[in-house]
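Structure file entry.cif with mmCIF, C-alpha atoms and all ligand atoms:
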data_upload
#
loop_
_atom_site.label_atom_id
_atom_site.label_comp_id
_atom_site.auth_asym_id
_atom_site.auth_seq_id
_atom_site.Cartn_x
_atom_site.Cartn_y
_atom_site.Cartn_z
CA MET A 181 86.99 116.04 110.00
CA THR A 182 86.01 114.39 113.21
CA GLY A 183 88.13 111.94 115.14
CA THR A 184 91.46 113.74 114.91
CA ARG A 185 92.73 115.62 117.96
CA THR A 186 93.65 118.64 115.89
CA ASP A 187 91.55 121.76 116.36
CA PRO A 188 89.37 122.81 113.39
CA GLN A 189 91.32 126.01 112.77
CA THR A 190 94.62 124.16 112.41
CA LEU A 191 92.93 121.62 110.15
CA ASP A 192 91.73 124.44 107.88
CA GLN A 193 95.26 125.84 107.77
CA VAL A 194 96.76 122.45 106.89
CA VAL A 195 94.24 122.01 104.08
CA SER A 196 94.95 125.46 102.64
CA PHE A 197 98.71 124.87 102.93
CA HIS A 198 98.38 121.63 100.96
CA GLY A 199 95.65 122.83 98.59
CA HIS A 200 92.94 120.25 99.26
CA MET A 201 91.79 117.62 101.74
CA CYS A 202 92.63 114.12 100.53
CA PRO A 203 93.28 110.67 102.04
CA GLY A 204 97.06 111.21 101.92
CA LEU A 205 96.81 114.48 103.82
CA ALA A 206 94.51 112.84 106.38
CA MET A 207 97.16 110.11 106.84
CA GLY A 208 99.83 112.77 107.39
CA ILE A 209 97.64 114.59 109.93
CA ARG A 210 97.21 111.40 111.96
CA ALA A 211 100.98 110.75 111.87
CA ALA A 212 101.76 114.35 112.87
CA GLU A 213 99.36 114.04 115.81
CA VAL A 214 101.29 111.00 117.08
CA ALA A 215 104.55 112.94 116.72
CA LEU A 216 103.22 115.94 118.64
CA GLU A 217 101.98 113.68 121.42
CA ARG A 218 104.93 111.32 121.70
CA ILE A 219 107.92 113.43 120.61
CA GLY A 220 106.88 116.91 121.61
CA PRO A 221 105.54 120.23 120.38
CA HIS A 222 106.00 122.01 117.07
CA SER A 223 109.74 122.26 116.43
CA ALA A 224 110.81 125.90 116.07
CA ASP A 225 114.47 124.86 116.07
CA GLU A 226 115.96 121.67 114.67
CA GLU A 227 115.60 119.59 117.83
CA VAL A 228 113.08 117.24 116.25
CA VAL A 229 113.93 115.53 112.96
CA ALA A 230 111.38 113.80 110.73
CA ILE A 231 112.52 111.04 108.42
CA VAL A 232 109.79 110.49 105.84
CA GLU A 233 109.72 107.49 103.52
CA THR A 234 107.25 109.05 101.09
CA ASP A 235 107.03 112.26 99.08
CA MET A 236 103.24 112.22 98.90
CA CYS A 237 100.51 114.54 100.27
CA GLY A 238 100.97 113.49 103.92
CA VAL A 239 104.40 115.12 104.15
CA ASP A 240 102.75 118.54 103.87
CA ALA A 241 100.74 117.86 107.04
CA VAL A 242 103.92 116.72 108.79
CA GLN A 243 105.77 119.89 107.79
CA PHE A 244 102.96 122.23 108.73
CA MET A 245 101.98 120.61 112.01
CA THR A 246 105.33 119.45 113.45
CA GLY A 247 107.67 122.19 112.20
CA CYS A 248 109.98 119.60 110.62
CA THR A 249 110.47 121.24 107.24
CA PHE A 250 112.49 120.71 104.09
CA GLY A 251 113.97 124.23 104.29
CA LYS A 252 115.19 123.87 107.87
CA GLY A 253 116.85 120.59 107.08
CA ASN A 254 115.03 118.66 109.80
CA LEU A 255 112.89 116.82 107.27
CA VAL A 256 114.78 113.99 105.62
CA HIS A 257 113.25 112.22 102.62
CA ARG A 258 114.07 108.57 102.01
CA ASP A 259 112.54 107.62 98.68
CA TYR A 260 111.10 104.24 99.69
CA GLY A 261 107.50 104.88 98.60
CA LYS A 262 106.11 103.89 102.01
CA ASN A 263 103.71 105.85 104.17
CA VAL A 264 106.16 105.74 107.07
CA TYR A 265 107.26 108.63 109.29
CA THR A 266 109.98 108.51 111.94
CA PHE A 267 110.37 111.39 114.38
CA VAL A 268 113.55 111.66 116.43
CA HIS A 269 114.93 113.87 119.19
CA ARG A 270 118.36 115.06 118.17
CA SER A 271 119.47 115.27 121.82
CA ASP A 272 119.02 111.64 122.86
CA GLY A 273 118.08 109.75 119.68
CA TYR A 274 114.68 108.78 121.10
CA GLY A 275 112.21 108.29 118.31
CA VAL A 276 108.94 106.82 117.15
CA ARG A 277 108.39 105.11 113.82
CA ILE A 278 104.84 105.42 112.50
CA SER A 279 104.12 102.98 109.67
CA SER A 280 100.94 102.30 107.70
CA ARG A 281 99.12 99.08 108.42
CA PRO A 282 97.87 97.08 105.45
CA GLY A 283 94.32 98.04 104.48
CA GLY A 284 94.34 101.46 106.12
CA TRP A 285 93.72 103.29 102.86
CA HIS A 286 90.26 101.78 102.19
CA ARG A 287 90.04 102.06 98.43
CA PRO A 288 86.64 100.80 97.24
CA PRO A 289 86.65 98.50 94.17
CA GLU A 290 85.53 101.28 91.80
CA TRP A 291 88.36 103.59 92.89
CA ASP A 292 91.09 102.43 90.47
CA GLU A 293 88.93 102.87 87.40
CA LEU A 294 87.61 106.28 88.48
CA PHE A 295 91.08 107.50 89.38
CA ALA A 296 92.44 106.45 85.96
CA LYS A 297 89.64 108.34 84.21
CA VAL A 298 90.03 111.48 86.33
CA ARG A 299 93.76 111.43 85.75
CA ALA A 300 93.38 111.01 81.99
CA ARG A 301 90.76 113.80 82.00
CA SER A 302 88.29 111.41 80.39
CA ALA A 303 85.86 111.18 83.34
CA THR A 304 82.32 112.43 82.86
CA PRO A 305 81.13 115.15 85.28
CA GLN A 306 79.22 112.45 87.21
CA GLU A 307 82.32 110.24 87.45
CA ARG A 308 84.41 113.17 88.66
CA GLU A 309 81.82 114.00 91.28
CA ARG A 310 81.67 110.35 92.40
CA PHE A 311 85.48 110.20 92.61
CA PHE A 312 85.78 113.31 94.75
CA SER A 313 82.97 112.22 97.03
CA ILE A 314 84.78 108.88 97.56
CA GLN A 315 87.96 110.83 98.34
CA GLN A 316 86.10 112.90 100.94
CA GLU A 317 84.60 109.77 102.51
CA ARG A 318 88.01 108.11 102.64
CA SER A 319 89.59 111.22 104.21
CA ALA A 320 86.85 111.33 106.84
CA SER A 321 87.22 107.63 107.61
CA ILE A 322 91.02 107.94 107.96
CA ALA A 323 90.45 110.89 110.29
CA SER A 324 88.11 108.97 112.56
CA MET A 325 89.60 105.46 112.43
CA PRO A 326 91.19 104.10 115.62
CA LEU A 327 94.92 104.79 115.36
CA GLU A 328 95.82 101.10 115.83
CA GLU A 329 93.95 100.20 112.63
CA LEU A 330 95.77 102.87 110.67
CA TYR A 331 99.31 102.84 111.97
CA ASP A 332 101.82 100.73 113.78
CA VAL A 333 103.72 102.95 116.24
CA ARG A 334 107.03 101.71 117.64
CA GLU A 335 109.74 103.31 119.74
CA VAL A 336 113.09 103.36 117.98
CA ASP A 337 116.64 104.47 118.69
CA VAL A 338 117.97 106.45 115.76
CA VAL A 339 121.12 108.44 115.19
CA ALA A 340 119.65 111.71 113.92
CA PRO A 341 121.27 113.20 110.83
CA PRO A 342 123.75 116.00 111.64
CA GLN A 343 122.47 119.56 111.98
CA ALA A 344 122.52 121.67 108.82
CA ARG A 345 125.83 123.52 108.35
CA ILE A 346 126.33 126.78 106.52
CA LEU A 347 129.05 126.16 103.94
CA ALA A 348 130.94 128.48 101.63
CA SER A 349 129.93 128.80 97.98
CA LEU A 350 132.20 128.53 94.95
CA ASP A 351 131.33 129.97 91.55
CA CYS A 352 130.90 127.26 88.94
CA ALA A 353 133.60 127.54 86.25
CA LEU A 354 131.01 127.11 83.49
CA CYS A 355 127.76 128.80 84.52
CA ALA A 356 129.26 131.05 87.25
CA GLU A 357 126.39 130.31 89.61
CA PRO A 358 127.45 130.16 93.28
CA THR A 359 127.33 126.54 94.42
CA MET A 360 127.71 125.13 97.93
CA GLU A 361 131.25 123.81 98.20
CA SER A 362 130.14 120.36 99.28
CA ARG A 363 128.18 120.00 96.02
CA VAL A 364 130.94 121.15 93.66
CA ARG A 365 132.47 118.54 91.32
CA ARG A 366 135.94 118.68 89.74
CA LEU A 367 136.55 117.93 86.08
CA ASP A 368 139.85 118.60 84.24
CA GLY A 369 140.92 120.89 87.06
CA ARG A 370 137.76 123.00 86.97
CA GLU A 371 135.20 123.27 89.74
CA LEU A 372 131.72 122.75 88.35
CA CYS A 373 128.17 122.65 89.67
CA GLN A 374 126.40 119.30 89.33
CA PRO A 375 124.38 120.09 86.14
CA CYS A 376 127.44 121.59 84.39
CA PHE A 377 129.54 118.62 85.49
CA GLU A 378 127.01 116.21 83.99
CA ALA A 379 126.67 118.29 80.81
CA ALA A 380 130.46 118.51 80.41
CA LEU A 381 130.84 114.77 80.92
CA ALA A 382 128.19 114.12 78.27
CA GLY A 383 129.92 116.60 75.95
CA LYS A 384 126.93 118.96 75.95
CA ALA A 385 126.68 122.69 76.58
CA PRO A 386 125.96 123.61 80.22
CA VAL A 387 122.29 123.85 81.17
CA ALA A 388 122.57 127.21 82.91
CA ALA A 389 123.70 130.54 81.47
CA PRO A 390 127.35 130.96 80.38
CA PRO A 391 129.73 132.94 82.61
CA LEU A 392 130.03 136.69 82.23
CA PRO A 393 132.92 137.85 80.01
CA PRO A 394 136.07 138.86 81.95
CA LYS A 395 136.23 142.46 83.13
CA GLY A 396 138.36 145.01 81.31
ZN ZN A 401 96.66 115.70 98.46
ZN ZN A 402 127.37 125.39 86.53
#

Written as structure tokens, that's how I'd like the structure from this file.
Ligand SMILES: [Zn+2]
Ligand SMILES: [Zn+2]
Amino acid sequence: MTGTRTDPQTLDQVVSFHGHMCPGLAMGIRAAEVALERIGPHSADEEVVAIVETDMCGVDAVQFMTGCTFGKGNLVHRDYGKNVYTFVHRSDGYGVRISSRPGGWHRPPEWDELFAKVRARSATPQERERFFSIQQERSASIASMPLEELYDVREVDVVAPPQARILASLDCALCAEPTMESRVRRLDGRELCQPCFEAALAGKAPVAAPPLPPKG
């Protein structure tokens, strides 16, 4: 990909982390580049928080390139279905919000039909080939497009979500699986994990394995 500021080796690593190059990943790479430039380097600690409004391909580029990851708790997903990424400094709340501009995705007229066929596994080999070559062209054009055509970038003041806390675990009274205390639900005086709570409410057997028999 030309046009991005990311070095080729990192690009290869992002693609292998995600599994393929695609327009969504290219979008995420461009957003991550803005974050690295405006908010700061790869976050080894939790100083930078990413709030992502999508759960699509681009989030993998954000995680890999910026160090804001699901496991560290400095990647927050808001399920709004928008290609929007906000990066915030925990220390002072300074942030940038990077949101897709209309038309940035460049889907040619034939795309919808080809995508439906590929998805339904009814595409001919030629149609599949055409679809993936369009995807590669779109990825390359997203990579090289001027940033202003792709994204709107605005400074924002955000209260970053609190840092992840280590909490105690309680054993669920039904399945016995240790469950973080903040996620435990109470029903008829018993402390239950969420799936067991829902199963018990619905009058069904718990989803997970039953508790071990008492000792002795
Ligand atoms: Zn993808
Ligand atoms: Zn349980």

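Taking all atoms listed in the file into account, Asp192 in chain A lies nearest to A:Phe244 out of the set A:Phe244, A:Phe295, A:Phe377, A:Phe250.
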
Kindly provide, as a PDB file with C-alpha atoms, in the frame of the given file, all nucleotide and amino acid residues lying within 7 Å of ligand ZN 402 (chain A), counting only C-alpha atoms and all ligand atoms.
ATOM      1  CA  CYS A 352     130.900 127.260  88.940  1.00  0.00           C
ATOM      2  CA  ALA A 353     133.600 127.540  86.250  1.00  0.00           C
ATOM      3  CA  LEU A 354     131.010 127.110  83.490  1.00  0.00           C
ATOM      4  CA  CYS A 355     127.760 128.800  84.520  1.00  0.00           C
ATOM      5  CA  ALA A 356     129.260 131.050  87.250  1.00  0.00           C
ATOM      6  CA  GLU A 357     126.390 130.310  89.610  1.00  0.00           C
ATOM      7  CA  LEU A 372     131.720 122.750  88.350  1.00  0.00           C
ATOM      8  CA  CYS A 373     128.170 122.650  89.670  1.00  0.00           C
ATOM      9  CA  GLN A 374     126.400 119.300  89.330  1.00  0.00           C
ATOM     10  CA  PRO A 375     124.380 120.090  86.140  1.00  0.00           C
ATOM     11  CA  CYS A 376     127.440 121.590  84.390  1.00  0.00           C
ATOM     12  CA  PRO A 386     125.960 123.610  80.220  1.00  0.00           C
ATOM     13  CA  ALA A 388     122.570 127.210  82.910  1.00  0.00           C
TER      14      ALA A 388
END

| query | Can you find the residues with an atom no farther than 9 Å from (107.1, 112.0, 113.1), counting all atoms listed in the file, and report them as an MDAnalysis selection string? | reply | chainID A and resid 211:216 218:219 228:232 242 246 248 264:268 275:278

| remark: Across A:Leu327, A:Cys202, A:Ala348, A:Leu255, the smallest distance to ligand ZN 401 (chain A), with only C-alpha atoms and all ligand atoms counted, is shown by A:Cys202

| query | Hey, which residues come within 9 Å of ligand ZN 401 (chain A) if we count all atoms listed in the file? Could you give them as an MDAnalysis selection string? | reply | chainID A and resid 195 198:206 236:238 240

| task | For Pro289 in chain A, list every protein, DNA or RNA residue within 12 Å, evaluated using all atoms listed in the file, and leave out those in the same chain fewer than 5 positions away; present the list as a ChimeraX atom specification. | result | /A:294-295,311,314

Compile the contact shell of Val338 in chain A as a PDB file with C-alpha atoms, in the coordinates of the input: residues with an atom at most 9 Å away, counting only C-alpha atoms, same-chain residues fewer than 4 positions apart removed.
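Listing of around-v5.pdb after writing:
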ATOM      1  CA  VAL A 268     113.550 111.660 116.430  1.00  0.00           C
ATOM      2  CA  HIS A 269     114.930 113.870 119.190  1.00  0.00           C
ATOM      3  CA  ARG A 270     118.360 115.060 118.170  1.00  0.00           C
ATOM      4  CA  ASP A 272     119.020 111.640 122.860  1.00  0.00           C
ATOM      5  CA  GLY A 273     118.080 109.750 119.680  1.00  0.00           C
ATOM      6  CA  TYR A 274     114.680 108.780 121.100  1.00  0.00           C
ATOM      7  CA  GLY A 275     112.210 108.290 118.310  1.00  0.00           C
TER       8      GLY A 275
END

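If you look at CA of Gly208 in chain A and CA of Trp291 in chain A, they are 20.6 Å away from each other.
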
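When only C-alpha atoms are used to compute distances to Arg345 in chain A, the closest of the residues A:Pro305, A:Gly253, A:Gly261, A:Gly369 turns out to be A:Gly253.
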
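Comparing the minimum interatomic distances between Arg366 in chain A and each of A:Ala380, A:Ala296, A:Met325, A:Val239, counting only C-alpha atoms, we find that A:Ala380 sits nearest.
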
| field | Atom-to-atom span, CA of Ala340 in chain A and CA of His257 in chain A, Å | value | 13.0 Å

| said: Just checking: using only C-alpha atoms, which residue out of A:Ala323, A:Ala224, A:Met360, A:Leu347 ends up closest to Arg185 in chain A? | reply: A:Ala323

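When CA of Val339 in chain A is paired with CA of Arg363 in chain A, their separation reads 23.5 Å.
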